[in-house]
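A.B. asks: Contents of start_18.cif (mmCIF, C-alpha atoms, pLDDT in the B column; chains and numbers go by the auth columns) are below:
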data_coords
#
loop_
_atom_site.group_PDB
_atom_site.id
_atom_site.type_symbol
_atom_site.label_atom_id
_atom_site.label_comp_id
_atom_site.label_asym_id
_atom_site.label_seq_id
_atom_site.Cartn_x
_atom_site.Cartn_y
_atom_site.Cartn_z
_atom_site.B_iso_or_equiv
_atom_site.auth_seq_id
_atom_site.auth_asym_id
ATOM 1 C CA MET A 1 32.776 -78.846 41.944 80.00 296 A
ATOM 2 C CA LYS A 2 36.261 -78.083 43.310 82.00 297 A
ATOM 3 C CA ILE A 3 38.200 -74.899 42.577 83.00 298 A
ATOM 4 C CA GLN A 4 41.990 -74.802 42.805 83.00 299 A
ATOM 5 C CA VAL A 5 43.563 -71.482 43.756 80.00 300 A
ATOM 6 C CA THR A 6 47.232 -71.189 42.799 79.00 301 A
ATOM 7 C CA GLU A 7 49.409 -68.640 44.604 71.00 302 A
ATOM 8 C CA THR A 8 52.720 -70.011 43.322 73.00 303 A
ATOM 9 C CA PRO A 9 53.553 -73.100 41.230 75.00 304 A
ATOM 10 C CA LYS A 10 54.332 -74.965 44.477 78.00 305 A
ATOM 11 C CA LYS A 11 51.503 -73.570 46.634 81.00 306 A
ATOM 12 C CA THR A 12 47.846 -74.278 45.864 81.00 307 A
ATOM 13 C CA VAL A 13 44.614 -74.418 47.833 81.00 308 A
ATOM 14 C CA VAL A 14 41.585 -76.511 46.810 84.00 309 A
ATOM 15 C CA LEU A 15 38.161 -75.165 47.830 79.00 310 A
ATOM 16 C CA ASP A 16 34.650 -76.501 47.492 80.00 311 A
ATOM 17 C CA SER A 17 32.640 -74.133 45.290 75.00 312 A
ATOM 18 C CA SER A 18 29.856 -73.907 47.899 71.00 313 A
ATOM 19 C CA ARG A 19 32.298 -72.119 50.258 69.00 314 A
ATOM 20 C CA ILE A 20 33.039 -69.283 47.813 70.00 315 A
ATOM 21 C CA VAL A 21 30.819 -66.238 48.312 66.00 316 A
ATOM 22 C CA ASN A 22 32.422 -63.725 45.974 67.00 317 A
ATOM 23 C CA VAL A 23 35.525 -63.423 43.765 70.00 318 A
ATOM 24 C CA ALA A 24 37.027 -60.054 42.870 66.00 319 A
ATOM 25 C CA GLN A 25 40.357 -58.814 41.575 67.00 320 A
ATOM 26 C CA THR A 26 42.642 -56.827 43.878 69.00 321 A
ATOM 27 C CA SER A 27 46.195 -55.528 43.468 68.00 322 A
ATOM 28 C CA GLU A 28 49.683 -55.898 44.876 72.00 323 A
ATOM 29 C CA LYS A 29 49.920 -52.082 44.977 74.00 324 A
ATOM 30 C CA PHE A 30 48.831 -50.413 48.232 75.00 325 A
ATOM 31 C CA LEU A 31 46.695 -47.622 46.730 74.00 326 A
ATOM 32 C CA SER A 32 44.985 -49.943 44.239 76.00 327 A
ATOM 33 C CA ARG A 33 43.587 -52.097 47.047 80.00 328 A
ATOM 34 C CA PHE A 34 41.207 -49.413 48.287 85.00 329 A
ATOM 35 C CA THR A 35 37.537 -49.674 47.378 85.00 330 A
ATOM 36 C CA GLY A 36 34.605 -47.383 48.118 86.00 331 A
ATOM 37 C CA GLY A 37 32.302 -44.737 46.777 87.00 332 A
ATOM 38 C CA VAL A 38 30.962 -41.180 47.031 90.00 333 A
ATOM 39 C CA ASN A 39 27.272 -40.172 47.104 88.00 334 A
ATOM 40 C CA GLY A 40 25.817 -36.693 46.768 89.00 335 A
ATOM 41 C CA GLY A 41 22.560 -34.836 46.193 86.00 336 A
ATOM 42 C CA MET A 42 20.989 -31.376 46.495 81.00 337 A
ATOM 43 C CA THR A 43 17.513 -29.806 46.403 77.00 338 A
ATOM 44 C CA TYR A 44 16.426 -26.135 46.279 73.00 339 A
ATOM 45 C CA SER A 45 13.037 -24.435 46.531 72.00 340 A
ATOM 46 C CA LYS A 46 12.617 -20.739 45.681 69.00 341 A
ATOM 47 C CA GLY A 47 9.261 -20.444 47.469 66.00 342 A
ATOM 48 C CA ASN A 48 10.644 -20.631 51.016 66.00 343 A
ATOM 49 C CA GLN A 49 14.339 -20.261 50.098 70.00 344 A
ATOM 50 C CA SER A 50 14.921 -23.841 51.188 78.00 345 A
ATOM 51 C CA THR A 51 18.210 -25.623 50.454 83.00 346 A
ATOM 52 C CA GLN A 52 19.205 -29.153 51.366 83.00 347 A
ATOM 53 C CA TYR A 53 22.310 -31.099 50.514 88.00 348 A
ATOM 54 C CA ASN A 54 23.650 -34.518 51.431 88.00 349 A
ATOM 55 C CA LEU A 55 27.085 -36.021 51.044 89.00 350 A
ATOM 56 C CA SER A 56 28.404 -39.432 52.044 90.00 351 A
ATOM 57 C CA ALA A 57 31.567 -41.382 51.338 90.00 352 A
ATOM 58 C CA LEU A 58 33.014 -44.776 52.248 89.00 353 A
ATOM 59 C CA VAL A 59 36.548 -46.097 51.822 90.00 354 A
ATOM 60 C CA SER A 60 37.472 -49.722 52.629 89.00 355 A
ATOM 61 C CA TYR A 61 40.813 -51.535 52.688 89.00 356 A
ATOM 62 C CA PRO A 62 40.174 -55.308 52.457 84.00 357 A
ATOM 63 C CA ARG A 63 42.823 -57.982 52.893 82.00 358 A
ATOM 64 C CA GLU A 64 42.743 -61.791 53.029 78.00 359 A
ATOM 65 C CA ARG A 65 41.639 -62.146 56.675 84.00 360 A
ATOM 66 C CA TRP A 66 41.006 -58.589 57.843 89.00 361 A
ATOM 67 C CA ALA A 67 39.597 -55.291 56.642 90.00 362 A
ATOM 68 C CA ALA A 68 39.198 -51.681 57.734 92.00 363 A
ATOM 69 C CA GLN A 69 37.004 -48.830 56.593 92.00 364 A
ATOM 70 C CA VAL A 70 36.129 -45.159 57.184 93.00 365 A
ATOM 71 C CA GLY A 71 32.776 -43.556 56.382 91.00 366 A
ATOM 72 C CA LEU A 72 31.319 -40.046 56.274 90.00 367 A
ATOM 73 C CA THR A 73 27.708 -38.831 56.259 90.00 368 A
ATOM 74 C CA SER A 74 26.767 -35.150 56.150 91.00 369 A
ATOM 75 C CA THR A 75 23.428 -33.397 55.613 89.00 370 A
ATOM 76 C CA LEU A 76 22.355 -29.766 55.888 87.00 371 A
ATOM 77 C CA SER A 77 18.847 -28.323 55.630 83.00 372 A
ATOM 78 C CA HIS A 78 18.246 -24.570 55.646 77.00 373 A
ATOM 79 C CA SER A 79 15.113 -22.482 55.097 76.00 374 A
ATOM 80 C CA SER A 80 14.597 -18.732 55.219 72.00 375 A
ATOM 81 C CA GLY A 81 13.991 -17.556 58.805 69.00 376 A
ATOM 82 C CA VAL A 82 14.804 -20.950 60.333 69.00 377 A
ATOM 83 C CA THR A 83 18.028 -22.095 61.986 72.00 378 A
ATOM 84 C CA ALA A 84 19.939 -24.529 59.790 74.00 379 A
ATOM 85 C CA SER A 85 19.729 -28.202 60.781 81.00 380 A
ATOM 86 C CA THR A 86 22.970 -30.167 60.391 87.00 381 A
ATOM 87 C CA TRP A 87 23.981 -33.812 60.775 88.00 382 A
ATOM 88 C CA ASN A 88 27.634 -34.827 60.459 92.00 383 A
ATOM 89 C CA GLN A 89 28.907 -38.317 61.206 92.00 384 A
ATOM 90 C CA VAL A 90 32.284 -40.003 60.787 93.00 385 A
ATOM 91 C CA THR A 91 32.612 -43.742 61.396 92.00 386 A
ATOM 92 C CA PHE A 92 35.516 -46.153 61.367 92.00 387 A
ATOM 93 C CA GLY A 93 35.989 -49.819 62.091 92.00 388 A
ATOM 94 C CA ALA A 94 38.110 -52.898 61.517 93.00 389 A
ATOM 95 C CA PHE A 95 37.739 -56.644 61.927 93.00 390 A
ATOM 96 C CA HIS A 96 39.835 -59.797 61.717 94.00 391 A
ATOM 97 C CA LEU A 97 38.581 -63.300 61.000 92.00 392 A
ATOM 98 C CA LEU A 98 39.065 -65.889 63.743 93.00 393 A
ATOM 99 C CA PRO A 99 40.261 -69.464 63.090 90.00 394 A
ATOM 100 C CA TRP A 100 36.709 -70.753 63.619 88.00 395 A
ATOM 101 C CA ASN A 101 34.330 -70.578 60.665 84.00 396 A
ATOM 102 C CA ASN A 102 32.128 -67.461 60.509 89.00 397 A
ATOM 103 C CA TYR A 103 33.600 -65.826 63.649 94.00 398 A
ATOM 104 C CA PHE A 104 35.584 -62.584 63.849 95.00 399 A
ATOM 105 C CA TYR A 105 36.664 -59.947 66.338 95.00 400 A
ATOM 106 C CA GLY A 106 36.430 -56.249 65.619 94.00 401 A
ATOM 107 C CA GLY A 107 36.413 -52.692 66.850 94.00 402 A
ATOM 108 C CA LEU A 108 34.345 -49.690 65.859 94.00 403 A
ATOM 109 C CA GLY A 109 34.050 -46.017 66.614 93.00 404 A
ATOM 110 C CA GLY A 110 32.652 -42.756 65.390 92.00 405 A
ATOM 111 C CA PHE A 111 31.971 -39.070 65.840 94.00 406 A
ATOM 112 C CA LEU A 112 28.523 -37.473 65.554 93.00 407 A
ATOM 113 C CA GLN A 113 27.259 -33.889 65.425 92.00 408 A
ATOM 114 C CA SER A 114 23.468 -33.393 65.535 91.00 409 A
ATOM 115 C CA ALA A 115 22.040 -29.868 65.733 87.00 410 A
ATOM 116 C CA GLU A 116 18.519 -31.227 66.312 86.00 411 A
ATOM 117 C CA GLN A 117 19.625 -33.031 69.493 89.00 412 A
ATOM 118 C CA GLY A 118 21.927 -30.270 70.726 87.00 413 A
ATOM 119 C CA ILE A 119 24.991 -32.505 70.299 90.00 414 A
ATOM 120 C CA ASN A 120 28.234 -30.676 69.559 89.00 415 A
ATOM 121 C CA ARG A 121 30.236 -33.891 69.440 91.00 416 A
ATOM 122 C CA GLN A 122 29.464 -37.474 70.391 93.00 417 A
ATOM 123 C CA THR A 123 32.324 -39.978 70.456 95.00 418 A
ATOM 124 C CA ILE A 124 31.893 -43.744 70.683 95.00 419 A
ATOM 125 C CA LEU A 125 34.536 -46.478 70.920 96.00 420 A
ATOM 126 C CA GLY A 126 33.788 -50.174 71.253 95.00 421 A
ATOM 127 C CA GLY A 127 34.718 -53.688 70.308 95.00 422 A
ATOM 128 C CA GLY A 128 33.808 -57.327 70.677 96.00 423 A
ATOM 129 C CA VAL A 129 33.369 -60.687 68.978 96.00 424 A
ATOM 130 C CA GLY A 130 31.038 -61.246 66.035 95.00 425 A
ATOM 131 C CA ARG A 131 29.610 -63.990 63.871 95.00 426 A
ATOM 132 C CA TYR A 132 28.295 -64.256 60.313 93.00 427 A
ATOM 133 C CA LEU A 133 24.757 -65.621 60.526 94.00 428 A
ATOM 134 C CA LYS A 134 24.584 -65.868 56.747 90.00 429 A
ATOM 135 C CA ASN A 135 27.237 -65.274 54.105 84.00 430 A
ATOM 136 C CA THR A 136 26.261 -66.102 50.518 80.00 431 A
ATOM 137 C CA ASN A 137 26.591 -64.421 47.137 75.00 432 A
ATOM 138 C CA ARG A 138 23.205 -62.746 47.703 83.00 433 A
ATOM 139 C CA THR A 139 23.001 -62.166 51.463 88.00 434 A
ATOM 140 C CA THR A 140 25.460 -61.221 54.200 90.00 435 A
ATOM 141 C CA ILE A 141 24.202 -60.930 57.790 94.00 436 A
ATOM 142 C CA SER A 142 26.462 -60.501 60.815 94.00 437 A
ATOM 143 C CA VAL A 143 26.185 -59.521 64.483 96.00 438 A
ATOM 144 C CA LEU A 144 28.793 -58.311 66.969 96.00 439 A
ATOM 145 C CA GLY A 145 28.542 -58.172 70.755 96.00 440 A
ATOM 146 C CA GLY A 146 30.855 -56.490 73.244 96.00 441 A
ATOM 147 C CA PHE A 147 31.333 -53.304 75.232 96.00 442 A
ATOM 148 C CA ALA A 148 31.530 -49.601 74.345 96.00 443 A
ATOM 149 C CA TRP A 149 32.241 -46.179 75.837 96.00 444 A
ATOM 150 C CA GLU A 150 30.440 -43.019 74.754 95.00 445 A
ATOM 151 C CA ASN A 151 31.272 -39.371 75.430 94.00 446 A
ATOM 152 C CA THR A 152 28.711 -36.706 74.488 92.00 447 A
ATOM 153 C CA ASN A 153 29.373 -32.979 74.490 90.00 448 A
ATOM 154 C CA TYR A 154 26.162 -30.920 74.418 87.00 449 A
ATOM 155 C CA ARG A 155 25.760 -27.243 73.616 81.00 450 A
ATOM 156 C CA PRO A 156 26.530 -25.390 76.899 72.00 451 A
ATOM 157 C CA SER A 157 23.765 -22.861 76.249 64.00 452 A
ATOM 158 C CA ILE A 158 21.188 -25.658 76.470 60.00 453 A
ATOM 159 C CA VAL A 159 22.547 -28.195 78.974 57.00 454 A
ATOM 160 C CA PRO A 160 24.060 -27.109 82.362 69.00 455 A
ATOM 161 C CA ILE A 161 26.385 -30.155 82.350 66.00 456 A
ATOM 162 C CA SER A 162 27.817 -30.009 78.870 69.00 457 A
ATOM 163 C CA THR A 163 29.630 -33.403 78.884 84.00 458 A
ATOM 164 C CA GLN A 164 28.385 -36.907 79.721 87.00 459 A
ATOM 165 C CA ASN A 165 30.303 -40.199 79.772 92.00 460 A
ATOM 166 C CA VAL A 166 28.468 -43.497 79.441 93.00 461 A
ATOM 167 C CA ALA A 167 29.770 -47.084 79.535 95.00 462 A
ATOM 168 C CA GLY A 168 27.588 -49.895 78.270 94.00 463 A
ATOM 169 C CA GLY A 169 27.119 -53.049 76.292 95.00 464 A
ATOM 170 C CA LEU A 170 27.382 -53.126 72.513 95.00 465 A
ATOM 171 C CA ILE A 171 25.226 -54.951 69.963 96.00 466 A
ATOM 172 C CA ALA A 172 25.961 -54.185 66.317 95.00 467 A
ATOM 173 C CA GLY A 173 24.220 -55.697 63.313 94.00 468 A
ATOM 174 C CA ASP A 174 24.977 -55.512 59.601 93.00 469 A
ATOM 175 C CA MET A 175 22.962 -56.808 56.643 93.00 470 A
ATOM 176 C CA LYS A 176 23.667 -56.610 52.911 90.00 471 A
ATOM 177 C CA LEU A 177 21.411 -57.932 50.150 90.00 472 A
ATOM 178 C CA TYR A 178 22.535 -58.226 46.503 83.00 473 A
ATOM 179 C CA ARG A 179 20.653 -58.985 43.315 78.00 474 A
ATOM 180 C CA PHE A 180 22.398 -59.607 39.970 66.00 475 A
ATOM 181 C CA ASN A 181 24.922 -56.796 40.631 69.00 476 A
ATOM 182 C CA LYS A 182 22.175 -54.332 39.632 83.00 477 A
ATOM 183 C CA THR A 183 20.711 -53.477 43.028 88.00 478 A
ATOM 184 C CA ASN A 184 21.826 -53.841 46.621 88.00 479 A
ATOM 185 C CA LEU A 185 20.519 -52.955 50.060 91.00 480 A
ATOM 186 C CA SER A 186 22.744 -52.219 53.050 91.00 481 A
ATOM 187 C CA VAL A 187 21.446 -51.844 56.631 93.00 482 A
ATOM 188 C CA SER A 188 23.549 -51.351 59.757 93.00 483 A
ATOM 189 C CA ALA A 189 22.525 -50.682 63.351 94.00 484 A
ATOM 190 C CA VAL A 190 24.208 -50.222 66.730 94.00 485 A
ATOM 191 C CA LEU A 191 22.457 -50.633 70.086 95.00 486 A
ATOM 192 C CA LEU A 192 24.190 -49.409 73.262 96.00 487 A
ATOM 193 C CA PRO A 193 22.357 -50.218 76.529 96.00 488 A
ATOM 194 C CA ALA A 194 24.055 -48.106 79.221 95.00 489 A
ATOM 195 C CA VAL A 195 25.557 -49.877 82.242 94.00 490 A
ATOM 196 C CA SER A 196 26.690 -46.730 84.070 91.00 491 A
ATOM 197 C CA GLN A 197 23.169 -45.242 83.663 91.00 492 A
ATOM 198 C CA PRO A 198 20.754 -48.209 83.886 92.00 493 A
ATOM 199 C CA GLY A 199 17.662 -47.799 81.746 93.00 494 A
ATOM 200 C CA ARG A 200 19.265 -45.496 79.210 94.00 495 A
ATOM 201 C CA VAL A 201 19.590 -46.835 75.655 95.00 496 A
ATOM 202 C CA PHE A 202 21.287 -45.392 72.565 95.00 497 A
ATOM 203 C CA PHE A 203 20.482 -46.583 69.037 95.00 498 A
ATOM 204 C CA THR A 204 21.958 -45.593 65.676 94.00 499 A
ATOM 205 C CA THR A 205 21.092 -46.922 62.231 93.00 500 A
ATOM 206 C CA ASN A 206 21.821 -46.322 58.575 91.00 501 A
ATOM 207 C CA ALA A 207 20.272 -47.890 55.478 92.00 502 A
ATOM 208 C CA SER A 208 21.006 -47.402 51.777 91.00 503 A
ATOM 209 C CA TYR A 209 19.448 -48.836 48.627 92.00 504 A
ATOM 210 C CA TYR A 210 21.360 -48.644 45.340 90.00 505 A
ATOM 211 C CA ILE A 211 20.222 -49.125 41.740 91.00 506 A
ATOM 212 C CA LYS A 212 22.975 -49.354 39.141 89.00 507 A
ATOM 213 C CA ILE A 213 22.622 -46.920 36.226 91.00 508 A
ATOM 214 C CA THR A 214 25.734 -47.686 34.209 87.00 509 A
ATOM 215 C CA GLY A 215 29.329 -48.610 34.914 82.00 510 A
ATOM 216 C CA ASN A 216 30.316 -47.222 38.331 85.00 511 A
ATOM 217 C CA LEU A 217 27.363 -44.817 38.473 90.00 512 A
ATOM 218 C CA SER A 218 24.198 -45.578 40.461 90.00 513 A
ATOM 219 C CA TRP A 219 21.222 -43.913 42.109 91.00 514 A
ATOM 220 C CA ASN A 220 20.612 -44.333 45.835 89.00 515 A
ATOM 221 C CA ILE A 221 18.175 -43.512 48.601 91.00 516 A
ATOM 222 C CA SER A 222 19.346 -43.528 52.216 90.00 517 A
ATOM 223 C CA PHE A 223 17.933 -43.343 55.735 91.00 518 A
ATOM 224 C CA TYR A 224 19.827 -42.287 58.874 91.00 519 A
ATOM 225 C CA GLY A 225 18.774 -42.002 62.505 92.00 520 A
ATOM 226 C CA ASN A 226 19.974 -41.568 66.077 93.00 521 A
ATOM 227 C CA TRP A 227 17.917 -42.153 69.250 95.00 522 A
ATOM 228 C CA ASP A 228 18.425 -41.602 73.012 94.00 523 A
ATOM 229 C CA ASN A 229 15.550 -42.607 75.312 93.00 524 A
ATOM 230 C CA GLN A 230 16.777 -40.372 78.196 90.00 525 A
ATOM 231 C CA PRO A 231 18.184 -37.150 76.704 89.00 526 A
ATOM 232 C CA PRO A 232 19.173 -34.392 79.162 85.00 527 A
ATOM 233 C CA ALA A 233 17.361 -31.086 79.683 76.00 528 A
ATOM 234 C CA ASN A 234 14.326 -32.076 77.641 77.00 529 A
ATOM 235 C CA LEU A 235 16.358 -32.133 74.436 83.00 530 A
ATOM 236 C CA PRO A 236 14.885 -34.078 71.510 88.00 531 A
ATOM 237 C CA GLY A 237 15.705 -37.764 71.886 90.00 532 A
ATOM 238 C CA SER A 238 15.897 -38.466 68.179 91.00 533 A
ATOM 239 C CA ASN A 239 17.059 -37.167 64.857 91.00 534 A
ATOM 240 C CA TYR A 240 16.462 -38.958 61.564 90.00 535 A
ATOM 241 C CA GLY A 241 16.004 -38.268 57.895 88.00 536 A
ATOM 242 C CA THR A 242 16.254 -39.494 54.319 87.00 537 A
ATOM 243 C CA SER A 243 18.294 -38.443 51.320 86.00 538 A
ATOM 244 C CA SER A 244 18.822 -39.460 47.717 88.00 539 A
ATOM 245 C CA GLY A 245 21.281 -38.744 44.954 89.00 540 A
ATOM 246 C CA LEU A 246 23.888 -40.163 42.611 90.00 541 A
ATOM 247 C CA ALA A 247 26.713 -42.464 43.692 89.00 542 A
ATOM 248 C CA TRP A 248 30.076 -43.230 42.114 89.00 543 A
ATOM 249 C CA THR A 249 32.147 -46.235 43.175 85.00 544 A
ATOM 250 C CA PHE A 250 35.793 -47.140 42.686 81.00 545 A
ATOM 251 C CA GLY A 251 38.037 -50.126 43.273 75.00 546 A
ATOM 252 C CA PRO A 252 37.187 -53.842 43.279 64.00 547 A
ATOM 253 C CA SER A 253 33.656 -54.767 44.358 56.00 548 A
ATOM 254 C CA LEU A 254 34.428 -56.714 47.539 48.00 549 A
ATOM 255 C CA ARG A 255 31.539 -57.614 49.817 50.00 550 A
ATOM 256 C CA THR A 256 33.502 -58.493 52.956 43.00 551 A
ATOM 257 C CA THR A 257 33.572 -55.238 54.912 40.00 552 A
ATOM 258 C CA PRO A 258 34.164 -54.475 58.600 37.00 553 A
ATOM 259 C CA ARG A 259 31.388 -53.796 61.061 36.00 554 A
ATOM 260 C CA THR A 260 30.951 -50.051 61.629 35.00 555 A
ATOM 261 C CA ILE A 261 28.536 -47.463 62.857 34.00 556 A
ATOM 262 C CA GLN A 262 27.046 -46.174 59.621 31.00 557 A
#
Starting from the file, give its structure as structure tokens.
C.D. replies:
Amino acid sequence: MKIQVTETPKKTVVLDSSRIVNVAQTSEKFLSRFTGGVNGGMTYSKGNQSTQYNLSALVSYPRERWAAQVGLTSTLSHSSGVTASTWNQVTFGAFHLLPWNNYFYGGLGGFLQSAEQGINRQTILGGGVGRYLKNTNRTTISVLGGFAWENTNYRPSIVPISTQNVAGGLIAGDMKLYRFNKTNLSVSAVLLPAVSQPGRVFFTTNASYYIKITGNLSWNISFYGNWDNQPPANLPGSNYGTSSGLAWTFGPSLRTTPRTIQ
């Protein structure tokens, strides 16, 4: 079956139906083109005066051959008599399709604060060339390879040298699974093998599973994690956790999103 897309009465494009992954309505207005969502949850226990909250948000701006997005993840866990544990992460990224089928180039970056690992601020910037390994109406899998730079500022009270700079390779992967617009699974991961410090490897991942409740409202459970196989001053080399809550989405449901650190 062929599908004819008409932009103007004199300009049309004919596509084979097997090449169409998803169709969604957008807008000619700038603000109406944004799409994204907000997730949140909270738990409280009187027994040990324990409080935990999680908040995440994602905003994307998709166009015909490129897209950009910004994401936020924040969690806080506090119990009576124990120092609060915080995780705050901001990510951003953009990509542009190349003339060759399934190829694109893109850049990504982010900021991370992890109390468990003694990280005041970790900044990463990178970019490279990627390829869609699979892109259907049920599955999207892509990989990106390139180079990245990472700057980590540790708490001075713990680490004598509070700042470290690392240059290395970049391997980023992204997978999204859909089922009847009722559920979807999103997994992203970034691997940074250090070149300036051979043998050192950084790894970050995020995963979220959504179940639609009604309209734009859904329930989700998420996993986040950050690993460093050679942390300084005997600091913990990892920090990870899970969260769950309600999610609200807005804008057109477009599945073509840029590669980012989630």
A.B. asks: Under the PyMOL selection byres ((chain A and resi 425) around 9), which residues of this model are included? Write them out as JSON, numbers by chain.
C.D. replies: {"A": [397, 398, 399, 400, 401, 423, 424, 426, 427, 437, 438, 439, 440, 441, 467, 554]}
A.B. asks: Spell out the residues picked by the PyMOL selection byres ((chain A and resi 498) around 10) here, as a PDB file with C-alpha atoms, in the frame of the given file.
C.D. replies:
ATOM      1  CA  ILE A 466      25.226 -54.951  69.963  1.00 96.00           C
ATOM      2  CA  ALA A 467      25.961 -54.185  66.317  1.00 95.00           C
ATOM      3  CA  ALA A 484      22.525 -50.682  63.351  1.00 94.00           C
ATOM      4  CA  VAL A 485      24.208 -50.222  66.730  1.00 94.00           C
ATOM      5  CA  LEU A 486      22.457 -50.633  70.086  1.00 95.00           C
ATOM      6  CA  LEU A 487      24.190 -49.409  73.262  1.00 96.00           C
ATOM      7  CA  PRO A 488      22.357 -50.218  76.529  1.00 96.00           C
ATOM      8  CA  VAL A 496      19.590 -46.835  75.655  1.00 95.00           C
ATOM      9  CA  PHE A 497      21.287 -45.392  72.565  1.00 95.00           C
ATOM     10  CA  THR A 499      21.958 -45.593  65.676  1.00 94.00           C
ATOM     11  CA  THR A 500      21.092 -46.922  62.231  1.00 93.00           C
ATOM     12  CA  GLY A 520      18.774 -42.002  62.505  1.00 92.00           C
ATOM     13  CA  ASN A 521      19.974 -41.568  66.077  1.00 93.00           C
ATOM     14  CA  TRP A 522      17.917 -42.153  69.250  1.00 95.00           C
ATOM     15  CA  ASP A 523      18.425 -41.602  73.012  1.00 94.00           C
ATOM     16  CA  ASN A 524      15.550 -42.607  75.312  1.00 93.00           C
ATOM     17  CA  SER A 533      15.897 -38.466  68.179  1.00 91.00           C
TER      18      SER A 533
END
A.B. asks: Quick one: everything within 6 Å of region 472-483 of chain A, counting all atoms listed in the file, minus sequence neighbours fewer than 3 positions away in the same chain. Send it as a count of residues only.
C.D. replies: 12
A.B. asks: Closest to Ala352 (chain A) among A:Gln364, A:Gln525, A:Asn460, A:Ser513, using all atoms listed in the file?
C.D. replies: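 Smallest distance to Ala352 (chain A) is found for A:Gln364.
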A.B. asks: Run the PyMOL selection byres ((chain A and resi 421) around 8) against the file shown and list the residues it catches, as a PyMOL selection string.
C.D. replies: chain A and resi 402-404+419-420+422-423+441-444+465
A.B. asks: Export, as a PDB file, in the frame of the given file, the selected residues with C-alpha atoms.
C.D. replies:
ATOM      1  CA  GLY A 402      36.413 -52.692  66.850  1.00 94.00           C
ATOM      2  CA  LEU A 403      34.345 -49.690  65.859  1.00 94.00           C
ATOM      3  CA  GLY A 404      34.050 -46.017  66.614  1.00 93.00           C
ATOM      4  CA  ILE A 419      31.893 -43.744  70.683  1.00 95.00           C
ATOM      5  CA  LEU A 420      34.536 -46.478  70.920  1.00 96.00           C
ATOM      6  CA  GLY A 422      34.718 -53.688  70.308  1.00 95.00           C
ATOM      7  CA  GLY A 423      33.808 -57.327  70.677  1.00 96.00           C
ATOM      8  CA  GLY A 441      30.855 -56.490  73.244  1.00 96.00           C
ATOM      9  CA  PHE A 442      31.333 -53.304  75.232  1.00 96.00           C
ATOM     10  CA  ALA A 443      31.530 -49.601  74.345  1.00 96.00           C
ATOM     11  CA  TRP A 444      32.241 -46.179  75.837  1.00 96.00           C
ATOM     12  CA  LEU A 465      27.382 -53.126  72.513  1.00 95.00           C
TER      13      LEU A 465
END
A.B. asks: Between CA of Ala462 (chain A) and CA of Arg495 (chain A), what is the distance, to one decimal in Å?
C.D. replies: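 The value is 10.6 Å.
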A.B. asks: Just want the 7 Å neighbourhood of region 376-393 of chain A, counted on all atoms listed in the file, with same-chain residues fewer than 5 positions away dropped. Output as a PyMOL selection string.
C.D. replies: chain A and resi 360-371+398-411+553-557
A.B. asks: Kindly indicate which residue among A:Pro394, A:Gly463, A:Gly546, A:Gly532 lies nearest to Pro357 (chain A), using all atoms listed in the file for the distances.
C.D. replies: A:Gly546
A.B. asks: Just to confirm, what's the straight-line distance from CA of Tyr449 (chain A) to CA of Ile414 (chain A) in Å (one decimal)?
C.D. replies: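 Calculated distance between CA of Tyr449 (chain A) and CA of Ile414 (chain A) is 4.6 Å.
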A.B. asks: Counting all atoms listed in the file, what is within 9 Å of region 322-333 of chain A, bar same-chain residues fewer than 4 positions away, as a list in words?
C.D. replies: Leu350, Ser351, Ala352, Leu353, Val354, Ser355, Tyr356, Pro357, Arg358, Gln364, Leu541, Ala542, Trp543, Thr544, Phe545, Gly546, Pro547, Ser548 and Leu549 of chain A
A.B. asks: What is the CA of Thr458 (chain A)-CA of Pro527 (chain A) distance in Å, reported with one decimal?
C.D. replies: 10.5 Å
